[in-house]
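Peer 1: Please find input_24.cif (mmCIF, C-alpha atoms) on the next line:
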data_upload
loop_
_atom_site.label_atom_id
_atom_site.label_comp_id
_atom_site.auth_asym_id
_atom_site.auth_seq_id
_atom_site.Cartn_x
_atom_site.Cartn_y
_atom_site.Cartn_z
CA MET A 1 90.30 164.02 199.90
CA LEU A 2 92.47 161.05 200.72
CA ALA A 3 90.44 157.85 200.29
CA LYS A 4 90.08 155.18 202.96
CA ARG A 5 91.68 152.00 201.62
CA ILE A 6 90.18 148.51 201.35
CA ILE A 7 92.84 145.79 201.39
CA PRO A 8 92.15 142.09 200.76
CA CYS A 9 94.74 139.79 202.31
CA LEU A 10 95.68 136.50 200.65
CA ASP A 11 97.36 133.70 202.59
CA VAL A 12 99.76 131.86 200.30
CA LYS A 13 101.20 128.44 200.97
CA ASP A 14 103.56 126.80 198.49
CA GLY A 15 102.46 129.30 195.84
CA GLN A 16 98.72 128.71 196.24
CA THR A 17 96.11 130.65 198.20
CA VAL A 18 94.99 128.68 201.19
CA LYS A 19 91.51 129.86 202.00
CA GLY A 20 88.74 128.80 199.66
CA THR A 21 86.92 131.21 197.46
CA LYS A 22 83.59 131.47 195.76
CA PHE A 23 85.01 133.13 192.69
CA VAL A 24 83.93 131.38 189.56
CA GLY A 25 85.54 131.25 186.18
CA LEU A 26 89.11 131.29 187.40
CA ARG A 27 91.68 129.62 185.23
CA GLN A 28 93.18 128.22 188.40
CA ALA A 29 91.14 128.51 191.55
CA GLY A 30 93.93 128.94 194.05
CA ASP A 31 96.24 131.07 191.93
CA PRO A 32 97.14 134.14 194.00
CA VAL A 33 98.12 136.09 190.90
CA GLU A 34 94.72 135.54 189.31
CA LEU A 35 92.91 136.34 192.56
CA GLY A 36 94.98 139.48 193.00
CA ARG A 37 94.08 140.58 189.50
CA ILE A 38 90.37 140.04 190.13
CA TYR A 39 90.46 141.97 193.40
CA SER A 40 92.31 144.76 191.65
CA GLU A 41 89.68 144.90 188.89
CA GLN A 42 86.95 144.97 191.53
CA GLY A 43 88.47 148.06 193.12
CA ALA A 44 90.75 146.80 195.88
CA ASP A 45 93.09 149.67 196.77
CA GLU A 46 96.05 147.51 197.72
CA LEU A 47 96.72 143.83 198.31
CA VAL A 48 98.62 141.92 200.94
CA PHE A 49 100.16 138.52 200.18
CA LEU A 50 101.14 136.61 203.28
CA ASP A 51 103.55 133.71 202.91
CA ILE A 52 102.55 131.06 205.40
CA THR A 53 104.92 128.44 203.98
CA ALA A 54 107.50 127.03 206.33
CA SER A 55 109.80 125.20 203.91
CA HIS A 56 112.72 126.70 202.05
CA ASP A 57 111.38 125.53 198.68
CA GLY A 58 108.03 127.10 199.45
CA ARG A 59 109.77 130.41 200.06
CA LYS A 60 111.37 130.27 196.64
CA THR A 61 107.97 129.56 195.10
CA PHE A 62 106.64 132.62 196.90
CA ALA A 63 109.34 134.85 195.42
CA SER A 64 108.49 133.70 191.91
CA MET A 65 104.80 134.32 192.64
CA VAL A 66 105.67 137.88 193.76
CA GLU A 67 107.38 138.39 190.39
CA ARG A 68 104.27 137.27 188.55
CA VAL A 69 102.04 139.48 190.70
CA ALA A 70 104.29 142.48 190.06
CA SER A 71 104.27 141.97 186.31
CA GLN A 72 100.45 141.85 186.18
CA LEU A 73 99.20 144.11 188.93
CA ASN A 74 98.97 147.90 188.58
CA ILE A 75 98.14 148.72 192.22
CA PRO A 76 100.46 148.65 195.25
CA PHE A 77 100.99 145.39 197.08
CA THR A 78 102.62 144.31 200.31
CA VAL A 79 104.23 140.98 201.10
CA GLY A 80 104.71 139.49 204.53
CA GLY A 81 105.63 136.27 206.23
CA GLY A 82 109.14 135.00 206.74
CA ILE A 83 110.84 138.37 206.47
CA ASN A 84 113.57 138.30 209.10
CA GLU A 85 116.46 140.30 207.74
CA LEU A 86 117.42 142.91 205.18
CA ALA A 87 118.29 140.22 202.62
CA ASP A 88 114.67 138.99 202.73
CA VAL A 89 113.43 142.53 202.15
CA GLU A 90 115.84 142.97 199.26
CA ARG A 91 114.64 139.72 197.67
CA MET A 92 110.97 140.71 197.90
CA LEU A 93 111.50 144.27 196.64
CA SER A 94 113.58 143.15 193.71
CA ALA A 95 110.86 140.61 192.89
CA GLY A 96 108.54 143.60 192.63
CA ALA A 97 106.79 144.06 195.99
CA ASP A 98 106.06 147.67 196.94
CA LYS A 99 106.13 147.14 200.70
CA VAL A 100 107.06 144.45 203.17
CA SER A 101 105.22 143.64 206.36
CA ILE A 102 107.31 142.55 209.34
CA ASN A 103 105.98 141.21 212.59
CA SER A 104 107.84 138.76 214.87
CA ALA A 105 111.22 139.72 213.43
CA ALA A 106 110.67 143.37 214.34
CA LEU A 107 109.73 142.55 217.92
CA SER A 108 112.70 140.22 218.27
CA ARG A 109 115.08 142.77 216.74
CA PRO A 110 113.54 146.26 216.50
CA GLN A 111 116.65 147.54 214.70
CA LEU A 112 115.31 145.82 211.57
CA ILE A 113 112.78 148.66 211.21
CA ASP A 114 115.58 151.27 211.22
CA GLU A 115 117.51 149.26 208.67
CA ILE A 116 114.58 148.92 206.26
CA ALA A 117 113.65 152.60 206.60
CA ARG A 118 117.23 153.70 206.02
CA HIS A 119 117.87 151.43 203.04
CA TYR A 120 114.53 151.61 201.24
CA GLY A 121 112.52 154.40 202.86
CA SER A 122 109.75 154.30 205.45
CA GLN A 123 107.07 153.82 202.80
CA VAL A 124 108.35 150.27 202.29
CA CYS A 125 108.10 149.23 205.94
CA VAL A 126 104.77 148.05 207.32
CA VAL A 127 105.01 146.91 210.93
CA ALA A 128 102.32 144.32 211.70
CA ILE A 129 101.32 143.94 215.32
CA ASP A 130 99.19 141.12 216.74
CA ALA A 131 97.84 142.06 220.13
CA HIS A 132 95.47 140.66 222.73
CA GLN A 133 93.71 142.55 225.49
CA GLU A 134 94.63 141.04 228.85
CA HIS A 135 92.32 140.87 231.87
CA ASN A 136 93.85 144.07 233.21
CA ALA A 137 92.69 145.74 229.95
CA GLN A 138 96.26 146.13 228.75
CA TRP A 139 96.96 145.32 225.11
CA GLN A 140 99.87 142.90 224.95
CA CYS A 141 101.88 142.11 221.77
CA TYR A 142 102.26 138.51 220.63
CA ILE A 143 104.59 136.87 218.14
CA HIS A 144 104.70 133.63 216.14
CA GLY A 145 101.14 133.80 214.91
CA GLY A 146 99.77 134.93 218.24
CA ARG A 147 101.22 132.09 220.28
CA VAL A 148 103.92 133.82 222.30
CA PRO A 149 103.46 137.00 224.38
CA VAL A 150 106.49 139.27 224.36
CA GLY A 151 105.72 141.52 227.31
CA LYS A 152 105.33 144.65 225.25
CA ASP A 153 102.41 147.03 225.30
CA LEU A 154 100.70 147.60 221.93
CA PHE A 155 100.76 151.38 222.14
CA GLN A 156 104.35 151.61 223.35
CA TRP A 157 105.52 149.26 220.62
CA ALA A 158 103.56 151.08 217.92
CA HIS A 159 105.19 154.35 219.04
CA GLU A 160 108.62 152.79 219.01
CA ALA A 161 108.01 151.35 215.53
CA GLN A 162 107.00 154.79 214.28
CA GLU A 163 110.06 156.43 215.83
CA ARG A 164 112.31 153.82 214.23
CA GLY A 165 110.87 154.58 210.81
CA ALA A 166 107.84 152.36 210.18
CA GLY A 167 105.68 153.74 207.37
CA GLU A 168 102.43 152.14 208.53
CA ILE A 169 101.09 150.02 211.38
CA LEU A 170 98.97 146.97 210.55
CA PHE A 171 97.15 146.23 213.81
CA THR A 172 95.37 142.89 214.26
CA SER A 173 93.32 142.37 217.37
CA MET A 174 93.60 138.67 218.23
CA ASP A 175 90.40 139.01 220.23
CA HIS A 176 88.45 140.20 217.19
CA ASP A 177 90.18 138.20 214.45
CA GLY A 178 87.93 135.51 212.99
CA VAL A 179 84.98 136.42 215.22
CA LYS A 180 83.34 138.60 212.56
CA GLN A 181 81.88 140.99 215.14
CA GLY A 182 83.73 144.09 214.02
CA PHE A 183 87.21 145.59 214.43
CA ALA A 184 88.79 146.64 217.75
CA ASN A 185 87.66 150.23 217.31
CA ASP A 186 88.63 151.59 220.72
CA ALA A 187 92.22 150.40 220.43
CA LEU A 188 92.32 151.46 216.78
CA ARG A 189 91.19 154.94 217.65
CA ARG A 190 93.80 155.30 220.37
CA LEU A 191 96.50 154.12 217.98
CA SER A 192 95.36 156.34 215.17
CA ASP A 193 95.05 159.40 217.35
CA GLN A 194 98.42 158.88 219.02
CA LEU A 195 100.48 158.14 215.92
CA THR A 196 101.30 160.24 212.89
CA ILE A 197 101.61 157.33 210.44
CA PRO A 198 98.66 155.50 208.84
CA ILE A 199 96.95 152.65 210.71
CA ILE A 200 95.57 149.60 208.91
CA ALA A 201 92.78 147.85 210.82
CA SER A 202 92.76 144.05 210.69
CA GLY A 203 90.72 141.31 212.31
CA GLY A 204 86.99 141.20 212.83
CA ALA A 205 85.30 142.11 209.56
CA GLY A 206 81.99 140.28 209.18
CA GLU A 207 79.62 142.88 207.77
CA MET A 208 79.94 146.02 205.71
CA SER A 209 79.05 148.19 208.70
CA HIS A 210 82.19 146.92 210.45
CA PHE A 211 84.35 148.66 207.86
CA ARG A 212 82.37 151.87 208.29
CA ASP A 213 82.87 151.69 212.06
CA ALA A 214 86.63 151.06 211.74
CA PHE A 215 86.92 154.22 209.65
CA ARG A 216 84.39 156.38 211.47
CA ASP A 217 84.88 155.27 215.08
CA GLY A 218 88.32 153.64 214.89
CA HIS A 219 89.82 156.43 212.72
CA ALA A 220 91.61 153.76 210.68
CA ASP A 221 93.23 154.82 207.42
CA ALA A 222 92.74 151.43 205.79
CA ALA A 223 90.95 148.17 206.59
CA LEU A 224 92.19 144.70 205.77
CA ALA A 225 90.14 141.52 205.58
CA ALA A 226 90.47 138.04 204.16
CA SER A 227 87.63 135.56 204.47
CA VAL A 228 84.69 137.93 203.90
CA PHE A 229 86.18 138.72 200.51
CA HIS A 230 87.45 135.23 199.65
CA PHE A 231 84.16 133.55 200.44
CA GLY A 232 82.19 136.18 198.58
CA GLU A 233 80.31 137.28 201.70
CA ILE A 234 81.16 140.88 200.90
CA SER A 235 82.05 142.09 197.42
CA ILE A 236 84.40 145.03 197.10
CA PRO A 237 82.14 147.01 194.70
CA ASP A 238 79.16 146.57 197.09
CA LEU A 239 81.32 147.53 200.06
CA LYS A 240 82.57 150.68 198.39
CA ALA A 241 79.07 151.70 197.29
CA TYR A 242 77.87 151.16 200.86
CA LEU A 243 80.74 153.18 202.37
CA LYS A 244 80.02 156.04 199.97
CA ARG A 245 76.41 156.09 201.07
CA GLU A 246 77.69 156.22 204.65
CA ASN A 247 79.80 159.27 203.75
CA ILE A 248 83.13 157.47 203.97
CA ASN A 249 85.44 158.65 201.21
CA VAL A 250 86.58 155.70 199.10
CA ARG A 251 88.09 155.40 195.64
CA SER A 252 85.45 154.49 193.10
CA MET B 1 110.14 153.30 170.29
CA ASP B 2 113.31 154.02 172.24
CA ILE B 3 112.38 154.69 175.88
CA ALA B 4 115.08 155.47 178.44
CA ILE B 5 114.64 155.38 182.21
CA ILE B 6 117.25 157.45 183.99
CA ASP B 7 119.24 155.27 186.36
CA TYR B 8 120.69 157.35 189.18
CA GLY B 9 120.39 154.82 191.98
CA ALA B 10 117.21 156.33 193.42
CA GLY B 11 114.94 153.60 194.67
CA ASN B 12 113.16 150.78 192.99
CA VAL B 13 112.30 151.57 189.38
CA GLY B 14 111.14 148.00 188.65
CA SER B 15 107.47 148.93 188.85
CA VAL B 16 107.90 151.65 186.22
CA ILE B 17 109.66 149.17 183.94
CA ARG B 18 106.91 146.58 184.42
CA ALA B 19 104.14 149.14 183.85
CA LEU B 20 105.71 150.12 180.52
CA GLN B 21 106.12 146.47 179.60
CA ARG B 22 102.40 145.96 180.19
CA LEU B 23 101.87 148.73 177.61
CA GLY B 24 104.03 146.82 175.15
CA VAL B 25 107.29 148.76 175.28
CA ASN B 26 110.63 147.65 176.64
CA PRO B 27 112.41 150.55 178.30
CA LEU B 28 116.16 150.79 178.81
CA LEU B 29 117.37 151.57 182.32
CA THR B 30 120.53 153.61 181.81
CA SER B 31 122.83 156.25 183.24
CA ASP B 32 124.53 156.75 179.87
CA ALA B 33 124.13 160.42 178.86
CA GLU B 34 124.29 159.65 175.15
CA ARG B 35 121.63 156.94 175.29
CA ILE B 36 119.36 159.22 177.31
CA ALA B 37 119.93 162.18 174.97
CA LYS B 38 118.96 160.21 171.87
CA ALA B 39 115.97 158.32 173.34
CA ASP B 40 112.52 159.13 171.94
CA LYS B 41 111.16 159.55 175.43
CA VAL B 42 112.71 159.67 178.87
CA LEU B 43 111.35 158.71 182.28
CA PHE B 44 112.80 160.14 185.47
CA PRO B 45 111.29 158.19 188.38
CA GLY B 46 112.63 157.50 191.84
CA GLN B 47 112.09 157.36 195.54
CA GLY B 48 114.33 158.63 198.24
CA GLU B 49 115.88 161.70 199.67
CA ALA B 50 116.34 164.86 197.61
CA ARG B 51 119.87 165.84 198.69
CA HIS B 52 121.30 162.41 198.06
CA ALA B 53 119.46 162.11 194.73
CA MET B 54 120.80 165.50 193.52
CA GLN B 55 124.32 164.51 194.55
CA GLN B 56 124.00 161.39 192.42
CA LEU B 57 122.75 163.42 189.44
CA ARG B 58 125.53 166.02 189.73
CA ARG B 59 128.26 163.45 190.21
CA SER B 60 127.27 161.68 187.00
CA GLY B 61 126.57 164.88 185.03
CA LEU B 62 122.99 163.71 184.49
CA ASP B 63 121.70 167.02 185.91
CA LYS B 64 122.83 168.83 182.76
CA VAL B 65 121.61 166.03 180.50
CA ILE B 66 118.10 166.28 181.94
CA THR B 67 117.78 170.06 181.67
CA SER B 68 118.97 170.02 178.06
CA LEU B 69 116.53 167.37 176.83
CA ARG B 70 114.18 168.36 173.98
CA GLN B 71 112.12 165.16 173.77
CA PRO B 72 109.24 164.41 176.19
CA ILE B 73 110.44 163.59 179.69
CA LEU B 74 108.27 162.48 182.61
CA GLY B 75 109.43 162.97 186.19
CA ILE B 76 107.64 160.81 188.76
CA CYS B 77 107.45 161.47 192.53
CA ILE B 78 110.95 162.52 193.64
CA GLY B 79 111.66 162.98 189.90
CA GLN B 80 109.03 165.71 189.84
CA GLN B 81 110.45 167.34 192.96
CA LEU B 82 114.01 167.29 191.59
CA MET B 83 112.78 169.11 188.47
CA CYS B 84 111.83 172.10 190.66
CA ARG B 85 114.08 174.93 191.85
CA HIS B 86 114.75 173.97 195.43
CA SER B 87 113.61 171.37 197.95
CA GLU B 88 113.13 171.91 201.64
CA GLU B 89 114.26 168.31 202.04
CA GLY B 90 117.92 168.70 203.03
CA ASP B 91 117.78 172.36 201.84
CA THR B 92 118.66 171.14 198.35
CA PRO B 93 119.08 173.20 195.18
CA CYS B 94 117.45 171.18 192.37
CA LEU B 95 117.28 171.27 188.57
CA GLY B 96 115.17 174.44 188.21
CA ILE B 97 113.03 173.32 185.27
CA PHE B 98 109.97 174.44 187.21
CA ASP B 99 110.72 177.66 189.06
CA THR B 100 109.02 176.66 192.30
CA PRO B 101 110.11 175.41 195.71
CA VAL B 102 109.28 171.96 197.13
CA LEU B 103 107.92 172.17 200.67
CA ARG B 104 107.27 169.75 203.52
CA PHE B 105 103.65 169.06 204.47
CA GLN B 106 102.74 170.80 207.73
CA PRO B 107 99.88 168.93 209.44
CA GLN B 108 97.04 171.29 210.41
CA HIS B 109 94.83 168.75 212.16
CA HIS B 110 95.43 165.54 213.98
CA GLN B 111 94.12 163.43 211.11
CA ASP B 112 96.70 164.97 208.74
CA LYS B 113 99.25 162.19 208.61
CA VAL B 114 102.58 162.59 206.87
CA PRO B 115 103.49 160.97 204.50
CA HIS B 116 100.44 161.52 202.35
CA MET B 117 99.91 157.87 201.48
CA GLY B 118 97.15 156.33 199.44
CA TRP B 119 94.61 157.18 196.75
CA ASN B 120 93.55 160.75 196.25
CA ALA B 121 91.59 162.62 193.60
CA LEU B 122 92.85 164.78 190.73
CA THR B 123 91.09 168.14 190.41
CA ASN B 124 91.42 171.30 188.29
CA ILE B 125 92.75 169.18 185.44
CA SER B 126 94.01 171.35 182.58
CA ALA B 127 94.36 170.53 178.91
CA SER B 128 97.79 168.93 179.22
CA PRO B 129 98.19 166.09 176.69
CA LEU B 130 99.55 163.86 179.48
CA LEU B 131 96.14 164.00 181.18
CA ARG B 132 94.02 163.51 178.07
CA GLY B 133 90.92 161.45 178.90
CA ILE B 134 91.39 161.75 182.65
CA ASP B 135 88.25 163.01 184.36
CA GLU B 136 87.94 165.40 187.28
CA GLY B 137 87.93 163.45 190.53
CA GLU B 138 89.72 160.32 189.29
CA TYR B 139 91.94 158.70 191.90
CA VAL B 140 95.70 158.12 191.69
CA PHE B 141 98.21 156.71 194.17
CA PHE B 142 100.52 158.96 196.23
CA VAL B 143 103.34 158.37 198.72
CA HIS B 144 105.22 161.54 199.69
CA SER B 145 106.05 163.91 202.54
CA TYR B 146 107.08 166.91 200.40
CA TYR B 147 104.90 168.68 197.83
CA VAL B 148 105.06 171.21 195.02
CA PRO B 149 102.71 174.17 195.69
CA THR B 150 100.31 175.13 192.94
CA CYS B 151 102.20 177.25 190.40
CA PRO B 152 101.89 178.47 186.80
CA TRP B 153 102.91 174.99 185.52
CA THR B 154 100.37 173.03 187.55
CA THR B 155 98.24 170.87 185.24
CA ALA B 156 96.32 169.00 187.96
CA GLN B 157 95.85 169.54 191.68
CA THR B 158 95.18 167.29 194.62
CA ASN B 159 93.94 168.37 198.00
CA TYR B 160 95.73 167.09 201.07
CA ILE B 161 96.17 169.52 203.95
CA LEU B 162 96.16 172.10 201.14
CA PRO B 163 95.78 172.08 197.34
CA PHE B 164 99.14 171.13 195.79
CA SER B 165 100.50 170.22 192.34
CA ALA B 166 99.67 166.65 191.36
CA ALA B 167 101.09 167.20 187.87
CA LEU B 168 103.23 169.80 186.12
CA GLN B 169 104.14 170.65 182.55
CA ARG B 170 106.46 173.11 180.87
CA ASP B 171 106.99 172.45 177.15
CA ASN B 172 108.49 168.94 176.84
CA PHE B 173 108.92 168.60 180.62
CA HIS B 174 106.12 166.64 182.32
CA ALA B 175 105.91 165.51 185.91
CA THR B 176 103.57 163.80 188.34
CA GLN B 177 103.76 163.67 192.13
CA PHE B 178 101.67 160.49 192.12
CA HIS B 179 102.78 157.09 190.84
CA PRO B 180 101.07 156.38 187.49
CA GLU B 181 102.72 152.94 187.50
CA LYS B 182 100.71 152.06 190.63
CA SER B 183 97.51 153.96 189.86
CA GLY B 184 95.40 151.27 188.22
CA SER B 185 93.74 151.97 184.88
CA VAL B 186 93.95 155.76 185.36
CA GLY B 187 97.73 155.53 185.72
CA GLU B 188 97.94 153.24 182.73
CA ARG B 189 96.10 155.82 180.64
CA ILE B 190 98.54 158.53 181.73
CA LEU B 191 101.59 156.43 180.86
CA SER B 192 100.00 155.54 177.54
CA ASN B 193 99.36 159.26 176.88
CA PHE B 194 103.03 159.90 177.60
CA LEU B 195 104.10 157.25 175.10
CA ASP B 196 101.80 158.91 172.53
CA LEU B 197 103.34 162.39 172.95
#
Written as structure tokens, that's how I'd like the structure from this file.
Peer 2:
Amino acid sequence: MLAKRIIPCLDVKDGQTVKGTKFVGLRQAGDPVELGRIYSEQGADELVFLDITASHDGRKTFASMVERVASQLNIPFTVGGGINELADVERMLSAGADKVSINSAALSRPQLIDEIARHYGSQVCVVAIDAHQEHNAQWQCYIHGGRVPVGKDLFQWAHEAQERGAGEILFTSMDHDGVKQGFANDALRRLSDQLTIPIIASGGAGEMSHFRDAFRDGHADAALAASVFHFGEISIPDLKAYLKRENINVRS
Amino acid sequence: MDIAIIDYGAGNVGSVIRALQRLGVNPLLTSDAERIAKADKVLFPGQGEARHAMQQLRRSGLDKVITSLRQPILGICIGQQLMCRHSEEGDTPCLGIFDTPVLRFQPQHHQDKVPHMGWNALTNISASPLLRGIDEGEYVFFVHSYYVPTCPWTTAQTNYILPFSAALQRDNFHATQFHPEKSGSVGERILSNFLDL
């Protein structure tokens, strides 16, 4: 049976991970390559590295980090942040990334999804969507780190992304992100049941039961989290043992 | 050891190169028939669309090189599919090393998403030397929309929508539908087994 995936996400700025961690014994505490390796050894199924650098030099540092990750890591990994055109995708893939995650750029110019799918295959193209539930209960898409609404409905946009050739949807509920009260399972379930491509749940993990609920109630194919892993609140081996006990199929 | 990776312009083969480098060998990425023919071992990876990939192989004459190889060769993902008789993808005649068709997954339930993407278990593992030391139920990483049905050359199965061939072998011809280069320590073991053949 296909396993549900657990995906730690690392925010990288100028080549260093930004959020603190409780990992001990690291050669270099903020080294994303080292952190990625540790997560991989602990049983992470994939990794996401998000470049939150703004400067041009920082972007170059990120590309060289991707090369180091690729040379050391034997599981799939996705990179996101600052990918605006096909040349950015090309640079990341040739540095060794398996997939790229695009967000604002795809909403600004949806054709980018078609281009990536045509040039590199759908499996390379993860479309990340940040959405917020408005007072009228509608889920509205936002860009630029959740600051700017774009007047597009989450479900319509996810459908369009799939039709254009997205390989996966990474859905972050802005209402749940950082609150640690669980994922947006109702919206996740609607997405997952309406689409034929895998859905990655993001935003809201605080306890192990939240992952179970995203899989069981939200029908997510994968769940992504950052701080609960980085701060050692939840360890991946414990999480996987728990999910197994809860009859969720995970890779051991 | 002289390891050749067949270069036919099909997708990103960087991860296969890096996985071999982690095992201490430096493979040569080449489309040169002579270099491929005299390599100790040959890898035939790739991603992409079957019809286009077969066109590339025929145009360069690599189709005949591959079928005439006597040393161990490992097809990965689309490489495995191209080693079969025919693919439903683009109604494409393939190399015919394994006399079986390649079919598209037909979802039976709503939760059956295509492509089959992620980690899934190997079952019914046979005594193929490529899979030495791999236990029943170990997980490997898949990304594909087409599959090889179980057939006389199946050496391991995986269940997704239906049981299909996760690995194949006929004499010196080995193939995996999954990506050993992205399958953690299990994949590393399989690549290392291949280098030991």
Peer 1: Considering all atoms listed in the file, extract the chain A residues located within 6 Å of chain B and return them as a list in words.
Peer 2: Met1, Leu2, Ala3, Ser71, Asn74, Ile75, Pro76, Thr196 and Ile197 of chain A
Peer 1: Enumerate, as a PyMOL selection string, the residues matched when the PyMOL selection byres ((chain A and resi 168-185) around 7) is run on the file above.
Peer 2: chain A and resi 125-132+166-167+186-189+197-206+210+214+217-218
Peer 1: Save out the residues we just selected, C-alpha atoms, as a PDB file, in the frame of the given file.
Peer 2:
ATOM      1  CA  CYS A 125     108.100 149.230 205.940  1.00  0.00           C
ATOM      2  CA  VAL A 126     104.770 148.050 207.320  1.00  0.00           C
ATOM      3  CA  VAL A 127     105.010 146.910 210.930  1.00  0.00           C
ATOM      4  CA  ALA A 128     102.320 144.320 211.700  1.00  0.00           C
ATOM      5  CA  ILE A 129     101.320 143.940 215.320  1.00  0.00           C
ATOM      6  CA  ASP A 130      99.190 141.120 216.740  1.00  0.00           C
ATOM      7  CA  ALA A 131      97.840 142.060 220.130  1.00  0.00           C
ATOM      8  CA  HIS A 132      95.470 140.660 222.730  1.00  0.00           C
ATOM      9  CA  ALA A 166     107.840 152.360 210.180  1.00  0.00           C
ATOM     10  CA  GLY A 167     105.680 153.740 207.370  1.00  0.00           C
ATOM     11  CA  ASP A 186      88.630 151.590 220.720  1.00  0.00           C
ATOM     12  CA  ALA A 187      92.220 150.400 220.430  1.00  0.00           C
ATOM     13  CA  LEU A 188      92.320 151.460 216.780  1.00  0.00           C
ATOM     14  CA  ARG A 189      91.190 154.940 217.650  1.00  0.00           C
ATOM     15  CA  ILE A 197     101.610 157.330 210.440  1.00  0.00           C
ATOM     16  CA  PRO A 198      98.660 155.500 208.840  1.00  0.00           C
ATOM     17  CA  ILE A 199      96.950 152.650 210.710  1.00  0.00           C
ATOM     18  CA  ILE A 200      95.570 149.600 208.910  1.00  0.00           C
ATOM     19  CA  ALA A 201      92.780 147.850 210.820  1.00  0.00           C
ATOM     20  CA  SER A 202      92.760 144.050 210.690  1.00  0.00           C
ATOM     21  CA  GLY A 203      90.720 141.310 212.310  1.00  0.00           C
ATOM     22  CA  GLY A 204      86.990 141.200 212.830  1.00  0.00           C
ATOM     23  CA  ALA A 205      85.300 142.110 209.560  1.00  0.00           C
ATOM     24  CA  GLY A 206      81.990 140.280 209.180  1.00  0.00           C
ATOM     25  CA  HIS A 210      82.190 146.920 210.450  1.00  0.00           C
ATOM     26  CA  ALA A 214      86.630 151.060 211.740  1.00  0.00           C
ATOM     27  CA  ASP A 217      84.880 155.270 215.080  1.00  0.00           C
ATOM     28  CA  GLY A 218      88.320 153.640 214.890  1.00  0.00           C
TER      29      GLY A 218
END
Peer 1: Have a look at A:Arg118, A:Ala226, A:Ser94, A:Leu86 and name the one nearest to Val12 (chain A); count all atoms listed in the file.
Peer 2: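 Smallest distance to Val12 (chain A) is found for A:Ala226.
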Peer 1: If the PyMOL selection byres ((chain B and resi 4) around 10) is run on the structure shown, which residues does it catch, given as a list in words?
Peer 2: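 Output from the PyMOL selection byres ((chain B and resi 4) around 10), applied to this file: Met1, Asp2, Ile3, Ile5, Ile6, Asp7, Ile17, Asn26, Pro27, Leu28, Leu29, Thr30, Ser31, Asp32, Arg35, Ile36, Ala37, Lys38, Ala39, Asp40, Lys41, Val42, Leu43, Phe44 and Ile73 of chain B.
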Peer 1: At a cut-off of 9 Å, can you tabulate as a tab-separated table every residue of region 21-134 of chain B near region 166-176 of chain B together with its closest atom pair and the distance in Å to one decimal, using all atoms listed in the file and ordering rows by chain then number?
Peer 2:
residue	atom	partner	partner_atom	distance
B:Phe44	CA	B:Ala175	CA	8.7
B:Leu69	CA	B:Asn172	CA	8.2
B:Arg70	CA	B:Asn172	CA	6.4
B:Gln71	CA	B:Asn172	CA	6.1
B:Pro72	CA	B:Asn172	CA	4.6
B:Ile73	CA	B:Phe173	CA	5.3
B:Leu74	CA	B:His174	CA	4.7
B:Gly75	CA	B:Ala175	CA	4.3
B:Ile76	CA	B:Thr176	CA	5.1
B:Cys77	CA	B:Thr176	CA	6.2
B:Gly79	CA	B:Ala175	CA	7.4
B:Gln80	CA	B:Ala175	CA	5.0
B:Gln81	CA	B:Ala175	CA	8.6
B:Met83	CA	B:Ala175	CA	8.2
B:Ile97	CA	B:Phe173	CA	7.8
B:Phe98	CA	B:Arg170	CA	7.4
B:Leu122	CA	B:Ala166	CA	7.1
B:Thr123	CA	B:Ala166	CA	8.8
B:Ile125	CA	B:Ala167	CA	8.9
B:Ser128	CA	B:Gln169	CA	7.4
B:Leu130	CA	B:His174	CA	7.7
B:Leu131	CA	B:Ala167	CA	8.9
Peer 1: Which one is closest to Pro149 (chain B): B:Arg132, B:His109, B:Lys64, B:Arg104? Count only C-alpha atoms.
Peer 2: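 Of the candidates, the smallest distance to Pro149 (chain B) is held by B:Arg104.
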Peer 1: Which value, in Å to one decimal, gives the distance between CA of Tyr147 (chain B) and CA of Leu103 (chain B)?
Peer 2: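 A separation of 5.4 Å between them.
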Peer 1: Would you pick out the contacts of Ser108 (chain A) at 9 Å or less, using all atoms listed in the file, so that residues sharing its chain but fewer than 5 positions from it are not included, and give the list as a list in words?
Peer 2: Asn103, Ile143 and Val150 of chain A
Peer 1: Please measure the separation of CA of Pro32 (chain A) and CA of Gly15 (chain A), giving the value in Å to one decimal.
Peer 2: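 CA of Gly15 (chain A) lies 7.4 Å from CA of Pro32 (chain A).
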Peer 1: Using all atoms listed in the file, which protein or nucleic acid residues come within 10 Å of Asp114 (chain A)? Drop anything in the same chain fewer than 4 positions from it, and give the result as number ranges by chain.
Peer 2: A: 106, 110, 118-119, 121-122, 125, 161-166
Peer 1: Expand the PyMOL selection byres ((chain A and resi 99) around 6) into the explicit residue set it covers here, and present it as a list in words.
Peer 2: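 This file gives the following for the PyMOL selection byres ((chain A and resi 99) around 6): Thr78, Ala97, Asp98, Val100, Val124 and Cys125 of chain A.
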Peer 1: One number please: CA of Val79 (chain A) to CA of His230 (chain A), in Å, one decimal.
Peer 2: 17.8 Å
Peer 1: For Ala53 (chain B), work out the shell of residues within 9 Å, counting only C-alpha atoms and skipping chain neighbours fewer than 2 positions away, then give it as a list in words.
Peer 2: Tyr8, Gly9, Ala10, Gly46, Gln47, Gly48, Glu49, Ala50, Arg51, Gln55, Gln56, Leu57, Arg58, Ile78 and Leu82 of chain B
Peer 1: Could you check which of A:Leu154, A:Ala87, A:Ala95, A:Ala70 is closest to Ile116 (chain A), using only C-alpha atoms?
Peer 2: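 Smallest separation from Ile116 (chain A) among the options: A:Ala87.
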